[in-house]
file work28.txt (compact mmCIF, C-alpha atoms and all ligand atoms)
# COMPACT_ATOMS: atom_id res chain seq x y z
CA ALA A 13 26.38 -6.75 32.28
CA ARG A 14 28.72 -8.15 34.90
CA THR A 15 29.58 -5.92 37.83
CA PRO A 16 32.92 -6.79 39.39
CA ARG A 17 32.51 -7.51 43.09
CA ALA A 18 34.97 -4.82 44.20
CA ARG A 19 33.03 -2.10 42.37
CA ALA A 20 29.56 -3.17 43.54
CA GLU A 21 27.99 -0.45 45.64
CA VAL A 22 27.97 -0.89 49.44
CA THR A 23 24.76 0.04 51.21
CA GLU A 24 23.74 -0.16 54.87
CA GLU A 25 20.40 -1.32 56.29
CA ARG A 26 19.15 -1.56 59.87
CA HIS A 27 16.73 -4.20 61.12
CA ARG A 28 15.26 -5.39 64.41
CA ALA A 29 15.88 -9.10 63.72
CA VAL A 30 17.66 -10.93 60.90
CA VAL A 31 17.51 -14.66 60.14
CA ILE A 32 20.04 -16.24 57.78
CA GLY A 33 18.62 -19.03 55.64
CA SER A 34 15.03 -20.09 55.02
CA GLY A 35 15.17 -23.85 55.65
CA PHE A 36 13.66 -25.60 58.67
CA GLY A 37 15.86 -23.72 61.14
CA GLY A 38 15.37 -20.28 59.62
CA ALA A 39 11.68 -20.60 58.75
CA VAL A 40 10.61 -21.90 62.18
CA THR A 41 12.59 -19.08 63.82
CA ALA A 42 11.02 -16.50 61.49
CA ALA A 43 7.54 -17.90 62.20
CA HIS A 44 8.05 -17.52 65.97
CA LEU A 45 9.38 -13.98 65.56
CA GLY A 46 6.60 -12.98 63.19
CA ARG A 47 3.89 -14.31 65.51
CA ALA A 48 5.49 -12.40 68.39
CA GLY A 49 5.18 -9.18 66.37
CA VAL A 50 8.91 -8.78 65.69
CA GLN A 51 9.82 -7.18 62.35
CA THR A 52 12.14 -9.77 60.80
CA LEU A 53 14.25 -9.96 57.67
CA VAL A 54 15.14 -13.41 56.28
CA LEU A 55 18.24 -13.48 54.08
CA GLU A 56 18.19 -16.37 51.61
CA ARG A 57 20.94 -16.91 49.04
CA GLY A 58 18.68 -18.85 46.63
CA LEU A 59 15.54 -18.25 44.60
CA ARG A 60 11.83 -18.94 45.11
CA TRP A 61 10.64 -22.14 43.44
CA PRO A 62 6.83 -21.95 43.18
CA THR A 63 5.09 -25.21 42.31
CA GLY A 64 1.61 -26.14 41.11
CA PRO A 65 -0.16 -28.77 39.05
CA ASN A 66 1.91 -29.58 35.94
CA ALA A 67 4.47 -26.85 36.71
CA GLN A 68 7.97 -27.17 35.26
CA THR A 69 9.70 -25.33 38.09
CA PHE A 70 12.30 -27.96 38.96
CA PRO A 71 14.71 -29.82 36.69
CA HIS A 72 14.03 -33.48 36.01
CA MET A 73 16.03 -36.22 37.67
CA PHE A 74 17.24 -37.90 34.47
CA ALA A 75 17.87 -34.68 32.51
CA PRO A 76 19.11 -32.09 35.02
CA ASP A 77 19.77 -28.64 33.61
CA HIS A 78 21.30 -25.36 34.83
CA ARG A 79 18.73 -25.17 37.66
CA ALA A 80 20.17 -28.23 39.42
CA SER A 81 23.46 -26.86 40.81
CA TRP A 82 24.29 -23.87 42.95
CA LEU A 83 26.63 -21.70 40.83
CA SER A 84 28.45 -24.66 39.36
CA PRO A 85 28.32 -26.65 36.10
CA LEU A 86 29.43 -29.71 38.07
CA PRO A 87 26.71 -32.24 38.85
CA VAL A 88 25.63 -32.61 42.45
CA MET A 89 24.60 -36.23 42.03
CA THR A 90 27.32 -38.87 41.90
CA GLY A 91 27.75 -40.31 38.41
CA ALA A 92 25.79 -37.59 36.59
CA PRO A 93 27.52 -35.86 33.65
CA PRO A 94 28.53 -32.16 33.91
CA ILE A 95 25.78 -29.76 32.91
CA PRO A 96 26.96 -27.60 29.98
CA SER A 97 25.64 -24.24 31.12
CA ALA A 98 26.67 -20.94 32.63
CA PRO A 99 26.64 -20.81 36.45
CA TYR A 100 23.16 -20.35 37.93
CA THR A 101 21.79 -19.90 41.41
CA GLY A 102 20.37 -23.41 41.28
CA LEU A 103 18.96 -25.80 43.83
CA MET A 104 21.71 -27.91 45.27
CA GLU A 105 25.29 -27.51 46.41
CA ARG A 106 27.71 -30.32 47.07
CA VAL A 107 30.05 -29.27 49.89
CA LYS A 108 33.19 -31.37 49.87
CA GLY A 109 34.38 -32.59 53.21
CA ASN A 110 37.01 -34.93 54.58
CA GLY A 111 35.69 -38.35 53.60
CA ILE A 112 32.13 -37.12 53.37
CA ASP A 113 30.29 -34.76 51.04
CA ILE A 114 27.19 -32.88 52.13
CA LEU A 115 24.30 -31.94 49.86
CA CYS A 116 22.78 -28.58 50.79
CA GLY A 117 19.65 -27.06 49.33
CA ALA A 118 19.58 -23.46 48.11
CA GLY A 119 16.29 -21.65 47.75
CA VAL A 120 13.33 -20.39 49.71
CA GLY A 121 12.45 -23.40 51.86
CA GLY A 122 16.05 -24.67 51.94
CA SER A 123 16.66 -28.40 51.65
CA SER A 124 12.97 -29.13 52.28
CA LEU A 125 12.49 -28.36 48.57
CA LEU A 126 14.66 -31.37 47.79
CA TYR A 127 14.29 -33.70 50.73
CA HIS A 128 12.23 -36.85 50.41
CA GLY A 129 10.36 -35.95 53.58
CA MET A 130 10.68 -39.26 55.37
CA THR A 131 9.72 -38.10 58.85
CA LEU A 132 10.58 -40.47 61.65
CA GLN A 133 10.28 -39.71 65.34
CA PRO A 134 13.07 -41.18 67.46
CA ASP A 135 12.16 -42.85 70.75
CA GLY A 136 13.41 -41.33 74.00
CA GLU A 137 16.47 -43.53 74.24
CA GLN A 138 17.60 -42.86 70.65
CA PHE A 139 17.00 -39.16 71.16
CA ALA A 140 19.07 -39.01 74.36
CA ARG A 141 21.88 -40.94 72.68
CA SER A 142 22.05 -39.00 69.42
CA VAL A 143 20.84 -35.49 70.34
CA SER A 144 20.82 -34.71 74.05
CA ALA A 145 19.66 -36.19 77.32
CA ARG A 146 19.24 -32.65 78.74
CA ILE A 147 16.33 -31.79 76.44
CA ASP A 148 12.96 -32.83 77.86
CA TYR A 149 11.96 -35.64 75.46
CA ASP A 150 8.56 -36.11 77.10
CA LEU A 151 7.68 -32.50 76.33
CA LEU A 152 8.78 -32.96 72.71
CA ASP A 153 6.73 -36.13 72.50
CA ARG A 154 3.65 -34.50 74.01
CA GLU A 155 3.82 -31.09 72.34
CA TYR A 156 6.37 -30.55 69.61
CA PHE A 157 6.51 -33.76 67.56
CA PRO A 158 2.69 -33.69 67.16
CA ARG A 159 2.86 -30.01 66.20
CA VAL A 160 5.42 -30.80 63.49
CA ALA A 161 3.28 -33.71 62.29
CA ARG A 162 0.26 -31.37 62.00
CA THR A 163 2.20 -28.64 60.20
CA LEU A 164 3.71 -31.10 57.72
CA HIS A 165 0.34 -32.89 57.25
CA LEU A 166 2.19 -36.18 57.73
CA ALA A 167 0.49 -39.15 56.12
CA THR A 168 1.54 -42.63 55.04
CA ILE A 169 0.81 -44.06 51.60
CA PRO A 170 -2.87 -45.06 51.44
CA ASP A 171 -3.90 -48.64 50.57
CA ASP A 172 -5.42 -47.82 47.19
CA LEU A 173 -2.12 -46.36 45.98
CA LEU A 174 0.02 -49.13 47.41
CA HIS A 175 -2.18 -51.65 45.60
CA HIS A 176 -1.94 -49.81 42.28
CA GLU A 177 0.13 -51.41 39.51
CA ARG A 178 2.61 -48.50 39.70
CA TYR A 179 3.60 -49.53 43.24
CA ARG A 180 4.23 -53.20 42.44
CA SER A 181 7.91 -52.92 43.38
CA SER A 182 6.98 -51.60 46.85
CA ARG A 183 4.62 -54.55 47.37
CA ARG A 184 7.35 -56.98 46.24
CA PHE A 185 9.66 -55.40 48.80
CA LEU A 186 7.08 -55.84 51.57
CA GLU A 187 6.51 -59.48 50.59
CA ARG A 188 10.25 -60.18 50.57
CA ALA A 189 10.72 -58.51 53.95
CA ALA A 190 7.90 -60.63 55.42
CA VAL A 191 9.53 -63.81 54.06
CA GLU A 192 12.76 -62.77 55.79
CA GLY A 193 10.88 -62.18 59.04
CA LEU A 194 11.48 -58.43 59.05
CA ASP A 195 8.99 -55.93 60.47
CA THR A 196 7.95 -53.19 58.09
CA PHE A 197 5.98 -50.00 58.49
CA ARG A 198 4.89 -47.13 56.24
CA VAL A 199 6.97 -43.99 56.67
CA PRO A 200 5.03 -40.77 57.43
CA MET A 201 5.53 -38.26 54.61
CA PRO A 202 4.63 -34.53 54.24
CA ILE A 203 2.59 -35.26 51.15
CA ASP A 204 -0.96 -34.79 49.92
CA TRP A 205 -1.33 -38.26 48.39
CA ASP A 206 -4.20 -37.04 46.19
CA PHE A 207 -1.54 -35.55 43.94
CA ALA A 208 -0.18 -39.07 43.32
CA ARG A 209 -3.72 -40.27 42.59
CA ARG A 210 -4.18 -37.43 40.07
CA GLU A 211 -0.91 -38.46 38.40
CA LEU A 212 -2.19 -42.00 38.02
CA THR A 213 -5.39 -40.84 36.33
CA GLY A 214 -3.29 -38.81 33.86
CA GLU A 215 -4.56 -35.45 35.12
CA LEU A 216 -1.04 -34.53 36.25
CA SER A 217 2.27 -35.45 34.68
CA PRO A 218 4.21 -37.90 36.86
CA SER A 219 6.41 -36.66 39.67
CA TYR A 220 5.64 -38.72 42.78
CA THR A 221 4.67 -41.85 40.91
CA ASN A 222 7.86 -42.13 38.85
CA GLY A 223 10.20 -40.91 41.59
CA ASP A 224 11.14 -37.74 39.65
CA LEU A 225 11.55 -35.65 42.78
CA ILE A 226 15.19 -35.39 43.73
CA TYR A 227 15.29 -31.75 42.52
CA GLY A 228 11.81 -30.93 43.85
CA VAL A 229 8.21 -31.97 43.19
CA ASN A 230 6.90 -29.98 40.24
CA ASN A 231 3.21 -30.67 40.82
CA GLY A 232 3.20 -29.42 44.40
CA GLY A 233 1.30 -31.26 47.10
CA LYS A 234 4.47 -31.45 49.18
CA TYR A 235 4.39 -29.58 52.49
CA SER A 236 7.87 -28.11 52.24
CA VAL A 237 8.95 -25.26 54.49
CA ASP A 238 8.18 -22.52 51.94
CA VAL A 239 4.46 -23.42 51.98
CA THR A 240 4.22 -24.15 55.74
CA TRP A 241 6.26 -22.31 58.38
CA LEU A 242 7.63 -19.67 56.05
CA ALA A 243 4.24 -18.95 54.47
CA ASP A 244 2.82 -18.59 58.02
CA ALA A 245 5.68 -16.26 58.93
CA GLU A 246 5.10 -14.06 55.86
CA ALA A 247 1.34 -14.04 56.48
CA THR A 248 1.91 -12.29 59.82
CA GLY A 249 3.06 -9.25 57.82
CA ASN A 250 6.10 -8.99 60.07
CA VAL A 251 8.49 -11.21 58.12
CA HIS A 252 10.10 -10.27 54.83
CA VAL A 253 12.27 -12.63 52.77
CA GLU A 254 15.06 -11.31 50.56
CA THR A 255 16.19 -13.83 47.94
CA LEU A 256 19.60 -13.87 46.22
CA HIS A 257 21.14 -12.46 49.42
CA ARG A 258 24.25 -14.43 50.39
CA VAL A 259 25.78 -13.68 53.78
CA ASN A 260 29.57 -13.86 53.65
CA ASP A 261 30.42 -13.02 57.25
CA ILE A 262 28.88 -11.90 60.50
CA GLU A 263 30.34 -9.83 63.32
CA ARG A 264 29.14 -8.23 66.52
CA GLY A 265 29.91 -4.57 67.10
CA ALA A 266 30.93 -2.95 70.39
CA ASP A 267 27.33 -1.69 70.75
CA GLY A 268 26.08 -5.31 70.78
CA ARG A 269 24.49 -5.05 67.35
CA TRP A 270 25.15 -7.67 64.72
CA VAL A 271 26.41 -6.98 61.21
CA ALA A 272 25.78 -9.43 58.38
CA HIS A 273 28.08 -8.70 55.45
CA THR A 274 25.90 -9.68 52.55
CA ASP A 275 26.14 -9.85 48.74
CA ARG A 276 23.06 -9.39 46.61
CA LEU A 277 23.52 -11.67 43.62
CA ALA A 278 22.31 -11.86 40.06
CA THR A 279 21.27 -15.36 38.99
CA ASP A 280 24.67 -15.95 37.37
CA GLY A 281 26.36 -15.30 40.72
CA THR A 282 27.53 -11.78 39.89
CA VAL A 283 27.54 -9.51 42.93
CA VAL A 284 25.30 -6.55 42.13
CA GLU A 285 25.27 -4.94 45.57
CA ARG A 286 27.18 -5.31 48.82
CA LYS A 287 25.24 -4.71 52.01
CA ARG A 288 26.09 -4.14 55.65
CA ILE A 289 22.95 -5.43 57.29
CA VAL A 290 22.84 -4.28 60.91
CA ALA A 291 20.49 -6.01 63.34
CA ASP A 292 19.66 -5.99 67.06
CA ALA A 293 19.17 -9.74 66.95
CA LEU A 294 20.60 -12.34 64.58
C1 LIG A 301 18.43 -34.80 48.82
C2 LIG A 301 18.07 -34.73 50.31
C3 LIG A 301 17.17 -35.65 50.84
C4 LIG A 301 16.80 -35.59 52.20
N1 LIG A 301 15.86 -36.46 52.68
C5 LIG A 301 15.44 -36.33 53.97
C6 LIG A 301 14.38 -37.15 54.48
O1 LIG A 301 13.79 -37.96 53.76
N2 LIG A 301 14.01 -36.99 55.80
C7 LIG A 301 14.62 -36.06 56.61
O2 LIG A 301 14.23 -35.92 57.77
N3 LIG A 301 15.62 -35.27 56.14
C8 LIG A 301 16.04 -35.39 54.86
N4 LIG A 301 17.03 -34.57 54.39
C9 LIG A 301 17.67 -33.64 55.34
C10 LIG A 301 16.85 -32.38 55.61
O3 LIG A 301 16.41 -31.82 54.39
C11 LIG A 301 17.74 -31.38 56.36
O4 LIG A 301 18.17 -31.97 57.57
C12 LIG A 301 17.04 -30.07 56.70
O5 LIG A 301 16.45 -29.50 55.54
C13 LIG A 301 18.05 -29.09 57.30
O6 LIG A 301 17.40 -27.87 57.65
P1 LIG A 301 18.27 -26.57 57.92
O7 LIG A 301 17.35 -25.43 58.18
O8 LIG A 301 19.30 -26.89 58.94
O9 LIG A 301 19.09 -26.33 56.56
P2 LIG A 301 18.54 -26.13 55.09
O10 LIG A 301 17.15 -26.65 54.92
O11 LIG A 301 19.59 -26.65 54.17
O12 LIG A 301 18.43 -24.54 54.93
C14 LIG A 301 19.56 -23.71 54.88
C15 LIG A 301 19.18 -22.50 54.04
O13 LIG A 301 20.16 -21.50 54.24
C16 LIG A 301 20.53 -20.96 52.98
N5 LIG A 301 21.92 -20.50 53.11
C17 LIG A 301 23.03 -21.26 53.33
N6 LIG A 301 24.11 -20.48 53.42
C18 LIG A 301 23.68 -19.20 53.27
C19 LIG A 301 24.33 -17.92 53.27
N7 LIG A 301 25.67 -17.82 53.46
N8 LIG A 301 23.59 -16.81 53.09
C20 LIG A 301 22.24 -16.90 52.93
N9 LIG A 301 21.57 -18.08 52.91
C21 LIG A 301 22.28 -19.20 53.08
C22 LIG A 301 20.40 -22.10 52.00
O14 LIG A 301 20.22 -21.63 50.68
C23 LIG A 301 19.15 -22.81 52.54
O15 LIG A 301 17.97 -22.28 51.98
C24 LIG A 301 17.40 -34.61 53.04
C25 LIG A 301 18.31 -33.68 52.49
C26 LIG A 301 18.63 -33.72 51.14
C27 LIG A 301 19.59 -32.68 50.59

call {"tool": "encode", "arguments": {"input": "work28.txt", "output": "structure tokens", "more": "lines below"}}
Ligand SMILES: Cc1cc2nc3c(=O)[nH]c(=O)nc-3n(C[C@H](O)[C@H](O)[C@H](O)COP(=O)(O)OP(=O)(O)OC[C@H]3O[C@@H](n4cnc5c(N)ncnc54)[C@H](O)[C@@H]3O)c2cc1C
result
Amino acid sequence: ARTPRARAEVTEERHRAVVIGSGFGGAVTAAHLGRAGVQTLVLERGLRWPTGPNAQTFPHMFAPDHRASWLSPLPVMTGAPPIPSAPYTGLMERVKGNGIDILCGAGVGGSSLLYHGMTLQPDGEQFARSVSARIDYDLLDREYFPRVARTLHLATIPDDLLHHERYRSSRRFLERAAVEGLDTFRVPMPIDWDFARRELTGELSPSYTNGDLIYGVNNGGKYSVDVTWLADAEATGNVHVETLHRVNDIERGADGRWVAHTDRLATDGTVVERKRIVADAL
């Protein structure tokens, strides 16, 4: 039964540290806090999306269903028809902007559930120009970019896959680029390529090898944030993730503590509980 928002019960909780969102930003923060022994609550508006060989966790690219959109029957992908279904706390939200729309993931792991995972390291000059010249790029290059590469198990497509019949279009592209005198390289991806091999032998239904991954990779084998930093954070025993918790506003009290005004949602978006979540650190 629906509970009108105004009548939903208000409860108060106190925590040492609260992190809002469980994407790259939130999960890395939670992992640091957890390792440092800080009891931490992660508030995530979306659901968990567990994967595994031949799972049907995520909707399919050419037949998206109610799981595709965050509380909206409107399609997130340009040109796709509306999805005739009741609102659901689905995977992707299209945030309309002025001349630009932004696709945002919703779920434990954030947009890493949906992203393609092309992981390119900028050189020092690009980094200074587009991010900041005040951040020590050499330290990032020496320490942090390699750490990210290890955590994401970055790997480029192996030769045997690239030479498989299924990847003929990629080879055509490389040939064409060479004819045009363009340099090409293989993009590092957070993928266990064995999953693609197992798809090609028929052991797994296709996901990587037919490009059916815009709403997530059903088979798994993708090192998204939920199975890397966030799993590490939870394994410390100090980090707890609450799903279906949408933060509406934050404020800082006179005592220096933070308050996150949060709705606990049902999967149709109904507010079932309103929480004042008080934290020393946010
Ligand atoms: C389709 C797609 C393809 C992409 N491909 C690539 C790629 O190939 N390479 C690349 O480098 N990047 C890619 N990106 C971008 C990359 O995924 C993002 O830059 C990155 O995930 C952002 O991390 P984040 O932590 O800032 O936000 P997110 O990962 O989006 O995490 C934010 C989290 O906060 C939660 N949240 C938001 N608001 C609230 C609230 N009010 N209360 C509680 N929780 C909330 C969301 O549900 C989400 O889980 C892609 C993105 C998309 C959508």

call {"tool": "residues_near_ligand", "arguments": {"input": "work28.txt", "ligand": "ligand LIG 301 (chain A)", "cutoff": "6 Å", "atoms": "all atoms listed in the file", "output": "JSON, numbers by chain"}}
result
{"A": [32, 33, 34, 35, 36, 37, 38, 55, 56, 57, 58, 115, 116, 117, 118, 119, 120, 121, 122, 123, 124, 126, 127, 128, 129, 130, 131, 257, 258, 259, 260]}

call {"tool": "atom_distance", "arguments": {"input": "work28.txt", "atom1": "atom CA of Glu105 of chain A", "atom2": "atom CA of Pro85 of chain A"}}
result
10.8 Å

call {"tool": "residues_around", "arguments": {"input": "work28.txt", "residues": "Arg162 of chain A", "least_positions_apart": "5", "cutoff": "12 Å", "atoms": "all atoms listed in the file", "output": "ChimeraX atom specification"}}
result
/A:155-157,167,200-203,235,240-241

call {"tool": "closest_residue", "arguments": {"input": "work28.txt", "among": "A:Trp205, A:Tyr100, A:Tyr179, A:Trp270", "to": "Asp77 of chain A", "atoms": "all atoms listed in the file"}}
result
A:Tyr100

call {"tool": "closest_residue", "arguments": {"input": "work28.txt", "among": "A:Leu86, A:Ala29, A:Leu166, A:Val290", "to": "Thr41 of chain A", "atoms": "all atoms listed in the file"}}
result
A:Ala29

call {"tool": "closest_residue", "arguments": {"input": "work28.txt", "among": "A:Arg60, A:Arg183, A:His252, A:His72", "to": "Arg198 of chain A", "atoms": "only C-alpha atoms"}}
result
A:Arg183

call {"tool": "residues_around", "arguments": {"input": "work28.txt", "residues": "segment 274-280 of chain A", "least_positions_apart": "3", "cutoff": "10 Å", "atoms": "only C-alpha atoms", "output": "VMD selection string"}}
result
chain A and resid 14 to 15 17 20 22 to 23 55 to 59 82 to 84 98 to 102 254 to 262 271 283 to 289

call {"tool": "closest_residue", "arguments": {"input": "work28.txt", "among": "A:Ala43, A:Ala67, A:Leu125, A:Leu53", "to": "Ile226 of chain A", "atoms": "only C-alpha atoms"}}
result
A:Leu125

call {"tool": "atom_distance", "arguments": {"input": "work28.txt", "atom1": "atom CA of Ala92 of chain A", "atom2": "atom CA of Thr221 of chain A"}}
result
22.0 Å

call {"tool": "atom_distance", "arguments": {"input": "work28.txt", "atom1": "atom CA of Val88 of chain A", "atom2": "atom CA of Pro71 of chain A"}}
result
12.7 Å

call {"tool": "closest_residue", "arguments": {"input": "work28.txt", "among": "A:Val54, A:Met73, A:Val40, A:Leu45", "to": "Tyr227 of chain A", "atoms": "all atoms listed in the file"}}
result
A:Met73

call {"tool": "closest_residue", "arguments": {"input": "work28.txt", "among": "A:Leu151, A:Val229, A:Val199, A:Ala190", "to": "Leu132 of chain A", "atoms": "all atoms listed in the file"}}
result
A:Val199

call {"tool": "decode", "arguments": {"input": "work28.txt", "residues": "segment 29-40 of chain A", "atoms": "N, CA, C and O atoms", "output": "mmCIF file, in the first residue's frame"}}
result
data_model
loop_
_atom_site.group_PDB
_atom_site.id
_atom_site.type_symbol
_atom_site.label_atom_id
_atom_site.label_comp_id
_atom_site.auth_asym_id
_atom_site.auth_seq_id
_atom_site.Cartn_x
_atom_site.Cartn_y
_atom_site.Cartn_z
ATOM 1 N N ALA A 29 30.322 8.639 10.549
ATOM 2 C CA ALA A 29 30.576 9.188 9.210
ATOM 3 C C ALA A 29 29.505 8.687 8.247
ATOM 4 O O ALA A 29 29.104 7.529 8.303
ATOM 5 N N VAL A 30 29.050 9.578 7.370
ATOM 6 C CA VAL A 30 28.053 9.223 6.364
ATOM 7 C C VAL A 30 28.587 9.623 4.989
ATOM 8 O O VAL A 30 29.166 10.699 4.815
ATOM 9 N N VAL A 31 28.414 8.721 4.030
ATOM 10 C CA VAL A 31 28.807 8.985 2.638
ATOM 11 C C VAL A 31 27.541 8.906 1.799
ATOM 12 O O VAL A 31 26.770 7.956 1.933
ATOM 13 N N ILE A 32 27.317 9.896 0.946
ATOM 14 C CA ILE A 32 26.131 9.877 0.086
ATOM 15 C C ILE A 32 26.533 9.407 -1.305
ATOM 16 O O ILE A 32 27.355 10.034 -1.968
ATOM 17 N N GLY A 33 25.938 8.297 -1.726
ATOM 18 C CA GLY A 33 26.217 7.739 -3.055
ATOM 19 C C GLY A 33 27.301 6.680 -2.996
ATOM 20 O O GLY A 33 28.240 6.772 -2.198
ATOM 21 N N SER A 34 27.143 5.647 -3.838
ATOM 22 C CA SER A 34 28.084 4.528 -3.795
ATOM 23 C C SER A 34 28.768 4.310 -5.139
ATOM 24 O O SER A 34 29.093 3.191 -5.496
ATOM 25 N N GLY A 35 28.974 5.397 -5.903
ATOM 26 C CA GLY A 35 29.745 5.302 -7.144
ATOM 27 C C GLY A 35 31.234 5.407 -6.843
ATOM 28 O O GLY A 35 31.678 5.135 -5.719
ATOM 29 N N PHE A 36 32.025 5.801 -7.844
ATOM 30 C CA PHE A 36 33.475 5.904 -7.627
ATOM 31 C C PHE A 36 33.791 6.794 -6.427
ATOM 32 O O PHE A 36 34.558 6.419 -5.536
ATOM 33 N N GLY A 37 33.191 7.994 -6.418
ATOM 34 C CA GLY A 37 33.507 8.941 -5.347
ATOM 35 C C GLY A 37 33.166 8.384 -3.977
ATOM 36 O O GLY A 37 33.993 8.359 -3.057
ATOM 37 N N GLY A 38 31.927 7.889 -3.836
ATOM 38 C CA GLY A 38 31.467 7.401 -2.543
ATOM 39 C C GLY A 38 32.186 6.133 -2.101
ATOM 40 O O GLY A 38 32.577 5.992 -0.937
ATOM 41 N N ALA A 39 32.381 5.201 -3.039
ATOM 42 C CA ALA A 39 32.959 3.903 -2.665
ATOM 43 C C ALA A 39 34.433 4.036 -2.269
ATOM 44 O O ALA A 39 34.894 3.381 -1.325
ATOM 45 N N VAL A 40 35.184 4.879 -2.999
ATOM 46 C CA VAL A 40 36.597 5.054 -2.647
ATOM 47 C C VAL A 40 36.696 5.718 -1.268
ATOM 48 O O VAL A 40 37.497 5.312 -0.419
#
